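As structure tokens, the structure follows; a few thoughts come after it.
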Amino acid sequence: MPTLVMKFGGTSVATLDRIRRAAKRVGVEVAKGYDVIVIVSAMAGKTNELVGWVGETSPFYDAREYDAVVSSGENVTAGLMALILQEMDVPARSWQGWQVPLKTNSAHSQARIEEIPTENINTKFAEGMKVAVVAGFQGISPEGRITTLGRGGSDTTAVAFAAAFDAERCDIYTDVDGVYTTDPRVSPKARKLEKIAFEEMLELASLGAKVLQTRSVELAMRYGVKLRVLSSFEENDETAGTLVCAEEDIMESNVVSGIAFSRDESKMTLISVKDKPGIAAAIFGPLSDAGVNVDMIIQNIAEEGLTDMTFSCPTDQVKRAEKALNGAKEAGVLEFEELVADTEVAKVSAVGIGMRSQSGVAAKMFKTLSDEGINIKVIATSEIKISVLIDRKYMELAVQALHDAFELEKA
Ligand code: ASP
Ligand code: MG
């Protein structure tokens with residue numbers, strides 16, 4: 001029998017009624033002849049509540065007990081889903097992570113999946129079970145303790161099962177009907193994409209992270225798992241939602257597929273640093289030691305042996321960055337005149353695999369922004385992405401103008 005993985009997120013299993021609706025969808029796939037592996041999240045809000053309880057109990061909690069508590073939400077939905085499927089006369093059984101077993105490392109609360117042996121579940125399929133309902137987000141460590149995979153980890157569970165069981169597809173049911181060219185709340189012209197390449201999805205993480213845990217996309221890319229994101233609140237046909245797939249499966253790729261943005265960026269400039277070998281290391285070493293996620297970097301042309309170095313990082317890391325750089329100055333390992341932080345910037349990016357073979361995207365992007373009178377502060381590019389830092393107050397305008405300029409509303 002071909003295998004299908006169907007994952008239902010928290011909003012899709014938020015109530016018994018919604019679990020029933022989800023179960024109906026599972027029944028439809030079973031009727032088509034699939035062996036189905038259903039991965040469930042906890043009911044919406046449940047994991048937050050559990051995390052909150054742990055925090056209230058002890059600020060310095062034992063991560064093993066954190067996992068014991070927060071993994072429990074998924075146990076409830078897995079059991080309920082199995083019961084409801086049985087009521088529908090669909091042979092179903094629930095599986096907690098340890099029963100599969102989904103083996104992880106010992107990094108409690110952020111565990112990585114190491115192996116999913118398929119024997120136990122396959123034996124039950126062979127005996128007539130049609131649906132394995134697996135509690136997402138959880139596994140078992142080499143020490144035999146329950147682990148969890150980090151917030152949003154059920155997506156990763158789902159993709160890992162699809163890879164291990166060589167599933168035909170991994171359908172991710174959520175509360176949006178797919179991946180959009182940009183956030184519809186920012187540009188009303190945003191259009192749902194039929195297909196998107198894994199790499200684009202990763203670059204669009206600022207939009208997509210709400211839809212898919214980034215790690216699940218990385219995993220899907222590595223194992224070539226076809227992912228479909230679709231709504232559990234709408235009637236779907238074979239073409240519903242957005243297919244996240246390999247580049248080769250996309251016949252005509254758009255030059256630009258989406259406009260991503262991130263509001264909470266800051267720009268930091270070190271004024272008058274010495275232009276000599278080792279200077280970048282002296283700056284970015286302490287920043288990395290302090291856990292600052294540096295994104296874009298520019299170094300100006302030197303004059304009289306001095307230069308300015310600019311970089312961007314998330315706004316909530318500015319204080320940490322200042323502390324690290326001033327610390328390095330005090331310790332005598334770094335010289336600069338002044339450190340200037342601009343915390344009112346945003347990053348806007350155009351993303352598309354078509355950029356690899358098409359030139360002129362950058363020029364068009366810059367022209368569009370200039371026509372709107374938007375000043376570009378920093379530019380960075382990769383093979384499939386061009387990003388600019390601009391004043392935050394122009395972010396919406398920039399996203400809308402770029403969405404128009406690249407005609408993303410058209411299929
Ligand atoms: N329930 C977990 C969370 O809320 C895992 C998941 O739903 O993906 O993070
Ligand atoms: Mg999620």
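Ligands are numbered from 1 in the order shown, chains are lettered A, B, ... in the order of the structure tokens, and residues start at 1 in each chain.
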
>> Give me, as an MDAnalysis selection string, all polymer residues having an atom no more than 12 Å from stretch 248-254 of chain A, counting only C-alpha atoms and skipping those fewer than 5 positions away in the same chain.
In response: chainID A and resid 181 193:200 224:226 243 350:358 361 384 406:411

> Can you list every residue in stretch 15-198 of chain A that DSSP puts in alpha helix (DSSP H), as a PyMOL selection string?
Replying inline: chain A and resi 16-31+46-57+63-70+72-87+119-126+154-164+198

Distance table requested - stretch 117-178 of chain A against stretch 22-37 of chain A, cut-off 9 Å, only C-alpha atoms: one row per qualifying residue with the closest atom pair and its distance in Å to one decimal, ordered by chain and rising residue number, as JSON lines.
{"residue": "A:Phe125", "atom": "CA", "partner": "A:Asp35", "partner_atom": "CA", "distance": 7.3}
{"residue": "A:Met129", "atom": "CA", "partner": "A:Asp35", "partner_atom": "CA", "distance": 8.2}
{"residue": "A:Lys130", "atom": "CA", "partner": "A:Asp35", "partner_atom": "CA", "distance": 5.3}
{"residue": "A:Val131", "atom": "CA", "partner": "A:Val36", "partner_atom": "CA", "distance": 4.8}
{"residue": "A:Ala132", "atom": "CA", "partner": "A:Ile37", "partner_atom": "CA", "distance": 4.8}
{"residue": "A:Val133", "atom": "CA", "partner": "A:Ile37", "partner_atom": "CA", "distance": 6.0}
{"residue": "A:Val134", "atom": "CA", "partner": "A:Ile37", "partner_atom": "CA", "distance": 7.1}
{"residue": "A:Ala158", "atom": "CA", "partner": "A:Ile37", "partner_atom": "CA", "distance": 8.6}
{"residue": "A:Phe161", "atom": "CA", "partner": "A:Ile37", "partner_atom": "CA", "distance": 7.9}
{"residue": "A:Ala162", "atom": "CA", "partner": "A:Ile37", "partner_atom": "CA", "distance": 8.5}
{"residue": "A:Tyr173", "atom": "CA", "partner": "A:Ala22", "partner_atom": "CA", "distance": 8.8}

>> With DSSP run on the backbone, what are the strand (DSSP E or B) residues within stretch 141-367 of chain A? I'd like them as a PyMOL selection string.
In response: chain A and resi 146-148+169-174+180+192+195-197+227-231+242-245+258-274+297-299+303+306-314+338-351

> Within 6 Å of ligand 2, counting only C-alpha atoms and all ligand atoms: which residues, as a ChimeraX atom specification?
Replying inline: /A:9,152,212

Hey, can you spit out that residue selection with N, CA and C atoms as a tab-separated table (two decimals), in the first residue's frame?
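What landed in out13.tsv:
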chain	number	residue	atom	x	y	z
A	9	GLY	N	-2.19	20.50	12.58
A	9	GLY	CA	-1.68	21.45	13.56
A	9	GLY	C	-2.70	21.74	14.65
A	152	GLY	N	6.87	24.06	17.52
A	152	GLY	CA	6.52	23.85	16.12
A	152	GLY	C	7.05	22.53	15.58
A	212	LEU	N	5.38	26.66	8.52
A	212	LEU	CA	6.18	25.44	8.66
A	212	LEU	C	7.41	25.71	9.51

>> Would you pick out the contacts of A:Thr147 at 9 Å or less, using only C-alpha atoms, so that residues sharing its chain but fewer than 3 positions from it are not included, and give the list as an NGL selection string?
In response: :A and (63-64 or 66-68 or 71 or 97 or 104-111 or 137-141)

Could the residues in this selection be saved with N, CA and C atoms as a PDB file, in the first residue's frame?
ATOM      1  N   ALA A  63      15.189  20.268  32.307  1.00  0.00           N
ATOM      2  CA  ALA A  63      14.661  20.157  30.937  1.00  0.00           C
ATOM      3  C   ALA A  63      14.016  18.793  30.680  1.00  0.00           C
ATOM      4  N   ARG A  64      14.435  17.759  31.406  1.00  0.00           N
ATOM      5  CA  ARG A  64      13.829  16.439  31.203  1.00  0.00           C
ATOM      6  C   ARG A  64      12.383  16.446  31.681  1.00  0.00           C
ATOM      7  N   TYR A  66      10.569  19.272  31.908  1.00  0.00           N
ATOM      8  CA  TYR A  66       9.881  20.153  30.955  1.00  0.00           C
ATOM      9  C   TYR A  66       9.327  19.296  29.820  1.00  0.00           C
ATOM     10  N   ASP A  67      10.168  18.436  29.263  1.00  0.00           N
ATOM     11  CA  ASP A  67       9.730  17.594  28.153  1.00  0.00           C
ATOM     12  C   ASP A  67       8.625  16.632  28.577  1.00  0.00           C
ATOM     13  N   ALA A  68       8.741  16.098  29.797  1.00  0.00           N
ATOM     14  CA  ALA A  68       7.704  15.181  30.278  1.00  0.00           C
ATOM     15  C   ALA A  68       6.356  15.893  30.300  1.00  0.00           C
ATOM     16  N   SER A  71       5.226  17.511  26.409  1.00  0.00           N
ATOM     17  CA  SER A  71       4.921  16.527  25.364  1.00  0.00           C
ATOM     18  C   SER A  71       3.515  15.944  25.544  1.00  0.00           C
ATOM     19  N   GLY A  97       5.701   8.860  20.981  1.00  0.00           N
ATOM     20  CA  GLY A  97       7.036   8.819  20.380  1.00  0.00           C
ATOM     21  C   GLY A  97       7.846   7.596  20.778  1.00  0.00           C
ATOM     22  N   THR A 104      15.752  10.144  19.367  1.00  0.00           N
ATOM     23  CA  THR A 104      16.383  11.463  19.243  1.00  0.00           C
ATOM     24  C   THR A 104      17.683  11.459  20.042  1.00  0.00           C
ATOM     25  N   ASN A 105      18.396  12.568  19.969  1.00  0.00           N
ATOM     26  CA  ASN A 105      19.551  12.744  20.860  1.00  0.00           C
ATOM     27  C   ASN A 105      19.030  13.212  22.223  1.00  0.00           C
ATOM     28  N   SER A 106      19.925  13.593  23.105  1.00  0.00           N
ATOM     29  CA  SER A 106      19.511  13.934  24.477  1.00  0.00           C
ATOM     30  C   SER A 106      19.317  15.432  24.691  1.00  0.00           C
ATOM     31  N   ALA A 107      19.263  16.209  23.608  1.00  0.00           N
ATOM     32  CA  ALA A 107      19.127  17.661  23.761  1.00  0.00           C
ATOM     33  C   ALA A 107      17.683  18.003  24.117  1.00  0.00           C
ATOM     34  N   HIS A 108      17.357  17.850  25.390  1.00  0.00           N
ATOM     35  CA  HIS A 108      15.981  18.057  25.830  1.00  0.00           C
ATOM     36  C   HIS A 108      15.466  19.443  25.448  1.00  0.00           C
ATOM     37  N   SER A 109      14.224  19.481  25.015  1.00  0.00           N
ATOM     38  CA  SER A 109      13.481  20.670  24.565  1.00  0.00           C
ATOM     39  C   SER A 109      13.911  21.146  23.176  1.00  0.00           C
ATOM     40  N   GLN A 110      14.985  20.616  22.643  1.00  0.00           N
ATOM     41  CA  GLN A 110      15.441  20.992  21.294  1.00  0.00           C
ATOM     42  C   GLN A 110      16.024  19.766  20.613  1.00  0.00           C
ATOM     43  N   ALA A 111      15.472  18.608  20.884  1.00  0.00           N
ATOM     44  CA  ALA A 111      16.120  17.367  20.445  1.00  0.00           C
ATOM     45  C   ALA A 111      16.104  17.219  18.924  1.00  0.00           C
ATOM     46  N   PHE A 137       6.032  15.992  17.755  1.00  0.00           N
ATOM     47  CA  PHE A 137       6.791  16.874  18.659  1.00  0.00           C
ATOM     48  C   PHE A 137       7.627  16.122  19.690  1.00  0.00           C
ATOM     49  N   GLN A 138       7.462  14.778  19.789  1.00  0.00           N
ATOM     50  CA  GLN A 138       8.126  14.069  20.878  1.00  0.00           C
ATOM     51  C   GLN A 138       8.903  12.848  20.423  1.00  0.00           C
ATOM     52  N   GLY A 139       9.878  12.463  21.213  1.00  0.00           N
ATOM     53  CA  GLY A 139      10.656  11.269  20.917  1.00  0.00           C
ATOM     54  C   GLY A 139      11.239  10.708  22.199  1.00  0.00           C
ATOM     55  N   ILE A 140      12.237   9.850  22.039  1.00  0.00           N
ATOM     56  CA  ILE A 140      12.859   9.248  23.204  1.00  0.00           C
ATOM     57  C   ILE A 140      14.379   9.325  23.067  1.00  0.00           C
ATOM     58  N   SER A 141      15.039   9.673  24.163  1.00  0.00           N
ATOM     59  CA  SER A 141      16.497   9.857  24.138  1.00  0.00           C
ATOM     60  C   SER A 141      17.192   8.514  24.323  1.00  0.00           C
TER      61      SER A 141
END

> Leaving out stretch 39-41 of chain A and any residue of its chain fewer than 2 positions from it, which residues lie within 8 Å of it when counting only C-alpha atoms, given as a ChimeraX atom specification?
Replying inline: /A:5-10,13,37,43,73-74,77-78,133-137,154,157-158

>> With distances taken over only C-alpha atoms, which residue among A:Ser257, A:Ser312, A:Gln96, A:Asn375 lies nearest A:Thr343?
In response: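 Of A:Ser257, A:Ser312, A:Gln96, A:Asn375, the one nearest A:Thr343 is A:Ser312, counting only C-alpha atoms.
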
> Any idea what's packed within 8 Å of A:Ala341, counting only C-alpha atoms, ignoring anything in its chain fewer than 6 positions away? Could you give it as a PyMOL selection string?
Replying inline: chain A and resi 266-269+318

Selected residues written out, all heavy atoms, as an mmCIF file, in the first residue's frame:
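Here's the written file result37.cif:
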data_model
loop_
_atom_site.group_PDB
_atom_site.id
_atom_site.type_symbol
_atom_site.label_atom_id
_atom_site.label_comp_id
_atom_site.auth_asym_id
_atom_site.auth_seq_id
_atom_site.Cartn_x
_atom_site.Cartn_y
_atom_site.Cartn_z
ATOM 1 N N SER A 266 17.913 45.797 13.087
ATOM 2 C CA SER A 266 18.640 47.018 13.431
ATOM 3 C C SER A 266 19.942 47.056 12.675
ATOM 4 O O SER A 266 20.479 46.023 12.296
ATOM 5 C CB SER A 266 18.922 47.073 14.928
ATOM 6 O OG SER A 266 17.748 47.451 15.601
ATOM 7 N N LYS A 267 20.400 48.292 12.468
ATOM 8 C CA LYS A 267 21.656 48.486 11.751
ATOM 9 C C LYS A 267 22.658 49.080 12.723
ATOM 10 O O LYS A 267 22.353 50.042 13.420
ATOM 11 C CB LYS A 267 21.405 49.439 10.580
ATOM 12 C CG LYS A 267 22.641 49.741 9.759
ATOM 13 C CD LYS A 267 22.301 50.669 8.616
ATOM 14 C CE LYS A 267 22.500 52.074 9.076
ATOM 15 N NZ LYS A 267 23.072 53.049 8.239
ATOM 16 N N MET A 268 23.842 48.511 12.777
ATOM 17 C CA MET A 268 24.862 49.031 13.686
ATOM 18 C C MET A 268 26.109 49.384 12.894
ATOM 19 O O MET A 268 26.542 48.618 12.037
ATOM 20 C CB MET A 268 25.196 47.991 14.751
ATOM 21 C CG MET A 268 23.945 47.510 15.476
ATOM 22 S SD MET A 268 24.288 46.695 17.022
ATOM 23 C CE MET A 268 24.794 48.048 18.051
ATOM 24 N N THR A 269 26.653 50.545 13.198
ATOM 25 C CA THR A 269 27.856 50.978 12.482
ATOM 26 C C THR A 269 28.970 51.286 13.466
ATOM 27 O O THR A 269 28.779 52.015 14.439
ATOM 28 C CB THR A 269 27.557 52.233 11.629
ATOM 29 O OG1 THR A 269 26.470 51.925 10.765
ATOM 30 C CG2 THR A 269 28.760 52.639 10.800
ATOM 31 N N VAL A 318 20.452 44.076 20.002
ATOM 32 C CA VAL A 318 21.297 45.266 19.915
ATOM 33 C C VAL A 318 22.086 45.490 21.212
ATOM 34 O O VAL A 318 23.288 45.756 21.188
ATOM 35 C CB VAL A 318 20.447 46.518 19.571
ATOM 36 C CG1 VAL A 318 21.200 47.801 19.836
ATOM 37 C CG2 VAL A 318 20.015 46.449 18.111
#

>> Give me, as a PyMOL selection string, all polymer residues having an atom no more than 7 Å from A:Thr174, counting only C-alpha atoms and skipping those fewer than 4 positions away in the same chain.
In response: chain A and resi 8-9+11-12+230-232

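Of the residues under consideration (A:Ser94, A:Thr214, A:Cys170, A:Glu56), A:Thr214 shows the shortest atom-to-atom contact distance to ligand 1 when counting only C-alpha atoms and all ligand atoms.
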
>> What's around A:Val333 at 12 Å? Count only C-alpha atoms, leave out sequence neighbours fewer than 2 positions away in its own chain, and write the answer as a list in words.
In response: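 Skipping anything fewer than 2 positions along the chain leaves Val273, Lys274, Gly278, Ile279, Ala280, Ala281, Ala282, Ile283, Phe284, Gly285, Pro286, Ala324, Leu325, Asn326, Gly327, Ala328, Lys329, Glu330, Ala331, Glu335 and Phe336 of chain A.
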
> Looking at only C-alpha atoms and all ligand atoms, which of A:Ser288, A:Thr242, A:Ser72, A:Thr182 is the one that sits closest to ligand 1?
Replying inline: A:Ser72
